[in-house]
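One structure below.
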Amino acid sequence: MKNVSPVPVRGPGDPIRFVRTAPVIFSPVDPHILYYAGSVLFKTLNGGESWTTISPDLTRAAYDVPASLGAFTSLDPEQGKHRGVIYTIAPSFRRLNLLWVGTDDGLIWVTHTGGRTWRNVTPPTLTPWSKVSIMEASHFDTLAAYAAINRFRLDDVAPHIYRTRDGGKTWTGIVEGIPSNDNVNVVREDPVRRGLLFAGTERSVYVSFDDGDHWQSLRQNLPPSSMRDLQVHDNDLVVGTHGRSIWILDDLSPLRQLAAASRATAAYLFQPAPAYRVRWNLNTDTPLPPDEPAGQNPPDGAVIDYHLAAPSAPVTLEVRDTRGRLVRRFSSADTDPVDSGLNIPDYWIRPPQRLSTAAGMHRFVWDLHYPPPPALSPNYPISAIDQDTWREPRGPVALPGRYELRLTVAGHTITRPLVVRMDPRVRATPAALAQQFAAATRLAAAMRRDYDALQAVRALRAQIQAPLTDTLAAVERPLMRLNGDLAGLLDVIDGVDAAPTTQAARAVTTLEGKLTGLLARWDAIRRRATVR
């Protein structure tokens, strides 16, 4: 590991001060530019091989001892007059040379020249010992920025967020809706929907839909911990806490479309984010015990959100391909499969999912698979996850591409496009995936034909007497074995993103041939039974 610090060796009396949580950030306009700060701001264009100082010392030269030091003032060798550092850097998302910085002693600066000239734009109410914890340049407006202020050291636990819309000439406090004793550590702007803001405090996360004029809780199942940073990554909100790990709110699409949904009089289907075809872990270990702390994976499929203004039934959801062919259909009236004779703990199993007919917001996940083929012996993989293990076999996995969602509520249909993308780590060609899909589809169809024939054989056997019973048993047993063979081959072919091997493709044809022969034997038996 190479040390690329702009000051590799520091000693007593060094003019540049640093803090252990020094900000370091790449320019969102030019990813070759990296900024790093102490009491001055540094910039590198070559990964830290050399640095340029692009600011003077931007901290306060002197200020009064705060009353909050109280009886400890006399014990402080510097008598409270500690020089600060640049604590946050906020490069513009739209203009290369526009940067905002905030210090941990209560100053805000801006440069429009890449650091050649700086202007102090500190709000008049921002006093010494106020820490500018996080600043955020607007994604949409070069004159707008946001600042989260921490005033713990002044015995002030009230929330403080400032917003400017005129380049720092004036600032407005925007904390309505955040409790008066919940100090703010971070504020971020959504890069997609203008006016959508997120704030992290000492106990929670808040959201604003009107550029900070009003806030409401977005905590949900988050632990009451100090939220130190927030980042919007694609369609997810990532929360960094102090001591309680990293949390992710999957798919911000509904928040970005909430205004449109609120105008819907009956039902609203949110435009879903792109779904990624990603394989889960296929390890051979059983899941951790329920009492073992563990993280939670994101939903494995397309996250589909809808809103009902009032209770409505029935609710159906269809997924169709670009030719309009049905891929999957779900209904609020669906019944759950019944598993008997389980040889695994029931806490492994993923709870059933059903479309809700109740008023309010609802989330449904399509697992990117076609309908599961009927299997005589469904099972659950040993690569299990507590409360989230799927039932096998699943249907063929959908190809990357465009699909259409059709939500029907009480006879009214709403459509939205859905994009399914391939796992970017997978190098399989579209042709290879098409071969895999074709083979898996043939196997699933064969399983259904086998299963239907087997049910018909058993129904006929229950109605007739010997000597035909032995003849029926002679075709029933091979159909049962073939169903298991087809399921096993489906697992082989559909278990990895690749074209079937030559031998696997040959096995598909072989098993289809066996099925054709068995169905011919069954058809002959059925005709004889009908004649009698």
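Every chain in the structure tokens has a letter given in the order shown (A, B, ...), and although residue numbers restart at 1 in each chain, ligands are simply numbered from 1 in the order shown.
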At a cut-off of 10 Å, using only C-alpha atoms, what residues contact range 506-510 of chain A? Leave out same-chain residues fewer than 6 positions from it and give the result as a PDB file with C-alpha atoms, in the first residue's frame.
```pdb
ATOM      1  CA  ALA A 439     -33.559 -25.435 -23.364  1.00  0.00           C
ATOM      2  CA  ALA A 440     -35.043 -24.492 -19.984  1.00  0.00           C
ATOM      3  CA  ARG A 442     -38.467 -27.076 -23.344  1.00  0.00           C
ATOM      4  CA  LEU A 443     -37.761 -28.828 -20.048  1.00  0.00           C
ATOM      5  CA  ALA A 446     -41.958 -31.381 -20.754  1.00  0.00           C
ATOM      6  CA  ASP A 485     -35.012 -36.408 -14.255  1.00  0.00           C
ATOM      7  CA  LEU A 486     -36.494 -33.397 -16.048  1.00  0.00           C
ATOM      8  CA  LEU A 489     -31.728 -31.368 -15.806  1.00  0.00           C
ATOM      9  CA  LEU A 490     -33.591 -28.062 -15.508  1.00  0.00           C
ATOM     10  CA  ILE A 493     -29.195 -25.900 -17.347  1.00  0.00           C
ATOM     11  CA  PRO A 500     -25.982 -25.600 -22.176  1.00  0.00           C
ATOM     12  CA  THR A 516     -42.953 -38.862 -26.246  1.00  0.00           C
TER      13      THR A 516
END
```
Those of range 161-408 of chain A in DSSP strand (DSSP E or B), formatted as number ranges by chain: A: 161-164, 172-173, 184-189, 197-201, 205-208, 216-217, 227-233, 236-241, 246-249, 267-269, 275-277, 302-308, 315-320, 326-331, 349, 360-366, 369, 379, 389, 392, 397, 401-408
Output for the residues just chosen: C-alpha atoms as an mmCIF file, in the first residue's frame:
```cif
data_model
loop_
_atom_site.group_PDB
_atom_site.id
_atom_site.type_symbol
_atom_site.label_atom_id
_atom_site.label_comp_id
_atom_site.auth_asym_id
_atom_site.auth_seq_id
_atom_site.Cartn_x
_atom_site.Cartn_y
_atom_site.Cartn_z
ATOM 1 C CA ILE A 161 -29.913 22.680 8.019
ATOM 2 C CA TYR A 162 -29.215 25.670 5.779
ATOM 3 C CA ARG A 163 -30.204 26.136 2.142
ATOM 4 C CA THR A 164 -29.054 28.769 -0.328
ATOM 5 C CA THR A 172 -32.575 29.799 4.980
ATOM 6 C CA GLY A 173 -32.983 27.398 7.876
ATOM 7 C CA VAL A 184 -28.573 16.844 12.051
ATOM 8 C CA ASN A 185 -25.345 15.315 10.722
ATOM 9 C CA VAL A 186 -25.928 15.094 6.974
ATOM 10 C CA VAL A 187 -28.163 16.393 4.205
ATOM 11 C CA ARG A 188 -28.246 15.035 0.653
ATOM 12 C CA GLU A 189 -30.191 15.852 -2.502
ATOM 13 C CA LEU A 197 -33.917 15.758 0.100
ATOM 14 C CA PHE A 198 -32.719 13.332 2.750
ATOM 15 C CA ALA A 199 -31.337 14.191 6.183
ATOM 16 C CA GLY A 200 -29.572 12.023 8.747
ATOM 17 C CA THR A 201 -29.726 12.900 12.426
ATOM 18 C CA VAL A 205 -33.451 9.626 8.721
ATOM 19 C CA TYR A 206 -35.868 12.198 7.312
ATOM 20 C CA VAL A 207 -37.182 12.992 3.840
ATOM 21 C CA SER A 208 -38.425 16.227 2.286
ATOM 22 C CA GLN A 216 -41.044 13.726 7.726
ATOM 23 C CA SER A 217 -39.570 10.541 9.173
ATOM 24 C CA MET A 227 -26.729 8.595 11.043
ATOM 25 C CA ARG A 228 -23.365 9.976 9.916
ATOM 26 C CA ASP A 229 -23.696 9.953 6.132
ATOM 27 C CA LEU A 230 -26.191 9.324 3.334
ATOM 28 C CA GLN A 231 -25.568 8.539 -0.315
ATOM 29 C CA VAL A 232 -28.008 8.036 -3.172
ATOM 30 C CA HIS A 233 -26.561 5.227 -5.299
ATOM 31 C CA ASP A 236 -31.017 3.111 -3.475
ATOM 32 C CA LEU A 237 -30.388 5.214 -0.375
ATOM 33 C CA VAL A 238 -27.302 4.097 1.573
ATOM 34 C CA VAL A 239 -27.038 5.035 5.261
ATOM 35 C CA GLY A 240 -23.773 4.983 7.173
ATOM 36 C CA THR A 241 -24.362 4.823 10.927
ATOM 37 C CA ILE A 246 -24.501 0.177 6.850
ATOM 38 C CA TRP A 247 -28.168 0.122 5.881
ATOM 39 C CA ILE A 248 -29.748 0.416 2.436
ATOM 40 C CA LEU A 249 -33.250 1.533 1.491
ATOM 41 C CA ALA A 267 -54.863 3.089 -8.345
ATOM 42 C CA TYR A 268 -51.315 3.957 -9.330
ATOM 43 C CA LEU A 269 -48.556 1.704 -10.613
ATOM 44 C CA ALA A 275 -34.178 -5.052 -12.415
ATOM 45 C CA TYR A 276 -30.926 -7.000 -12.475
ATOM 46 C CA ARG A 277 -30.704 -10.719 -13.176
ATOM 47 C CA ALA A 302 -38.110 -6.654 -10.073
ATOM 48 C CA VAL A 303 -39.448 -4.465 -7.276
ATOM 49 C CA ILE A 304 -42.991 -3.423 -8.202
ATOM 50 C CA ASP A 305 -44.829 -0.813 -6.135
ATOM 51 C CA TYR A 306 -48.454 0.210 -6.436
ATOM 52 C CA HIS A 307 -50.912 2.343 -4.498
ATOM 53 C CA LEU A 308 -54.632 1.857 -3.946
ATOM 54 C CA VAL A 315 -55.971 -7.110 -8.150
ATOM 55 C CA THR A 316 -53.944 -8.844 -10.855
ATOM 56 C CA LEU A 317 -50.444 -8.261 -12.171
ATOM 57 C CA GLU A 318 -49.241 -9.528 -15.529
ATOM 58 C CA VAL A 319 -45.741 -9.521 -16.967
ATOM 59 C CA ARG A 320 -45.591 -9.657 -20.760
ATOM 60 C CA LEU A 326 -47.728 -13.680 -21.087
ATOM 61 C CA VAL A 327 -44.638 -14.331 -18.976
ATOM 62 C CA ARG A 328 -46.166 -14.449 -15.490
ATOM 63 C CA ARG A 329 -49.527 -13.696 -13.916
ATOM 64 C CA PHE A 330 -50.241 -13.013 -10.251
ATOM 65 C CA SER A 331 -53.569 -12.420 -8.530
ATOM 66 C CA ILE A 349 -38.823 -20.899 3.870
ATOM 67 C CA GLY A 360 -52.341 2.201 0.709
ATOM 68 C CA MET A 361 -48.848 1.460 -0.612
ATOM 69 C CA HIS A 362 -47.876 -2.078 -1.544
ATOM 70 C CA ARG A 363 -44.708 -3.736 -2.787
ATOM 71 C CA PHE A 364 -44.520 -6.928 -4.828
ATOM 72 C CA VAL A 365 -41.392 -8.634 -6.173
ATOM 73 C CA TRP A 366 -41.335 -10.644 -9.397
ATOM 74 C CA HIS A 369 -38.725 -16.364 -13.463
ATOM 75 C CA ASN A 379 -37.652 -28.989 -2.521
ATOM 76 C CA THR A 389 -35.317 -19.599 0.811
ATOM 77 C CA GLU A 392 -37.589 -25.346 -6.286
ATOM 78 C CA VAL A 397 -35.219 -17.303 -15.743
ATOM 79 C CA GLY A 401 -34.643 -7.049 -22.174
ATOM 80 C CA ARG A 402 -37.833 -5.026 -22.068
ATOM 81 C CA TYR A 403 -41.102 -6.220 -20.553
ATOM 82 C CA GLU A 404 -44.480 -4.714 -19.810
ATOM 83 C CA LEU A 405 -46.272 -4.710 -16.461
ATOM 84 C CA ARG A 406 -50.068 -4.678 -16.436
ATOM 85 C CA LEU A 407 -51.761 -3.969 -13.110
ATOM 86 C CA THR A 408 -55.522 -4.476 -13.198
#
```
Backbone-only DSSP, alpha helix (DSSP H) members of range 132-299 of chain A, as a list of chain:residue names: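 Filtering range 132-299 of chain A to alpha helix (DSSP H) leaves A:Ser253, A:Pro254, A:Leu255, A:Arg256, A:Leu258, A:Ala259, A:Ala260, A:Ala261, A:Ser262, A:Arg263.
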For the residues in the current selection, export C-alpha atoms as a tab-separated table (two decimals), in the first residue's frame.
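out.tsv, written as the output of this step:
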```
chain	number	residue	atom	x	y	z
A	253	SER	CA	-38.59	5.04	-7.28
A	254	PRO	CA	-41.82	5.46	-5.25
A	255	LEU	CA	-40.47	8.51	-3.42
A	256	ARG	CA	-39.54	10.12	-6.73
A	258	LEU	CA	-45.06	10.27	-4.96
A	259	ALA	CA	-46.53	13.51	-6.30
A	260	ALA	CA	-47.94	11.74	-9.35
A	261	ALA	CA	-49.26	8.90	-7.22
A	262	SER	CA	-51.04	11.31	-4.89
A	263	ARG	CA	-53.01	12.68	-7.84
```
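Closest approach to Leu126 in chain A among A:Ala147, A:Leu472, A:Val110, A:Ala462 is made by A:Ala147 (distances from only C-alpha atoms).
Going from CA of Ala359 in chain A to CA of Gly212 in chain A covers 28.2 Å.
Between Thr265 in chain A and the residues A:Lys131, A:Arg323, A:His412, A:Arg194, the shortest atom-to-atom distance, using only C-alpha atoms, involves A:His412.
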Shortest interatomic distance to Leu45 in chain A - which of A:Asp182, A:Asp30, A:Asp105, A:Asp285, counting only C-alpha atoms: A:Asp30
Pick from A:Leu218, A:Asn343, A:Thr117, A:Ala487 nearest to Gly177 in chain A, counting only C-alpha atoms: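 Among the listed residues, A:Leu218 lies closest to Gly177 in chain A.
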Exercise: Pro293 in chain A partners within 12 Å, only C-alpha atoms, chain neighbours under 6 positions left out, as a PyMOL selection string: chain A and resi 244-245+287+386
Writing out the chosen residues with C-alpha atoms as an mmCIF file, in the first residue's frame:
```cif
data_model
loop_
_atom_site.group_PDB
_atom_site.id
_atom_site.type_symbol
_atom_site.label_atom_id
_atom_site.label_comp_id
_atom_site.auth_asym_id
_atom_site.auth_seq_id
_atom_site.Cartn_x
_atom_site.Cartn_y
_atom_site.Cartn_z
ATOM 1 C CA ARG A 244 -24.829 0.104 13.752
ATOM 2 C CA SER A 245 -23.413 -0.875 10.356
ATOM 3 C CA PRO A 287 -28.333 -20.843 6.991
ATOM 4 C CA ASP A 386 -33.339 -17.542 6.990
#
```
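Nearest residue to Arg391 in chain A among A:Ala499, A:Ile108, A:Val426, A:Val338 is A:Val338, counting only C-alpha atoms.
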Nearest to Val278 in chain A by atom-to-atom distance, counting only C-alpha atoms, from A:Asp497, A:Asp190, A:Asp155, A:Asp388: A:Asp497
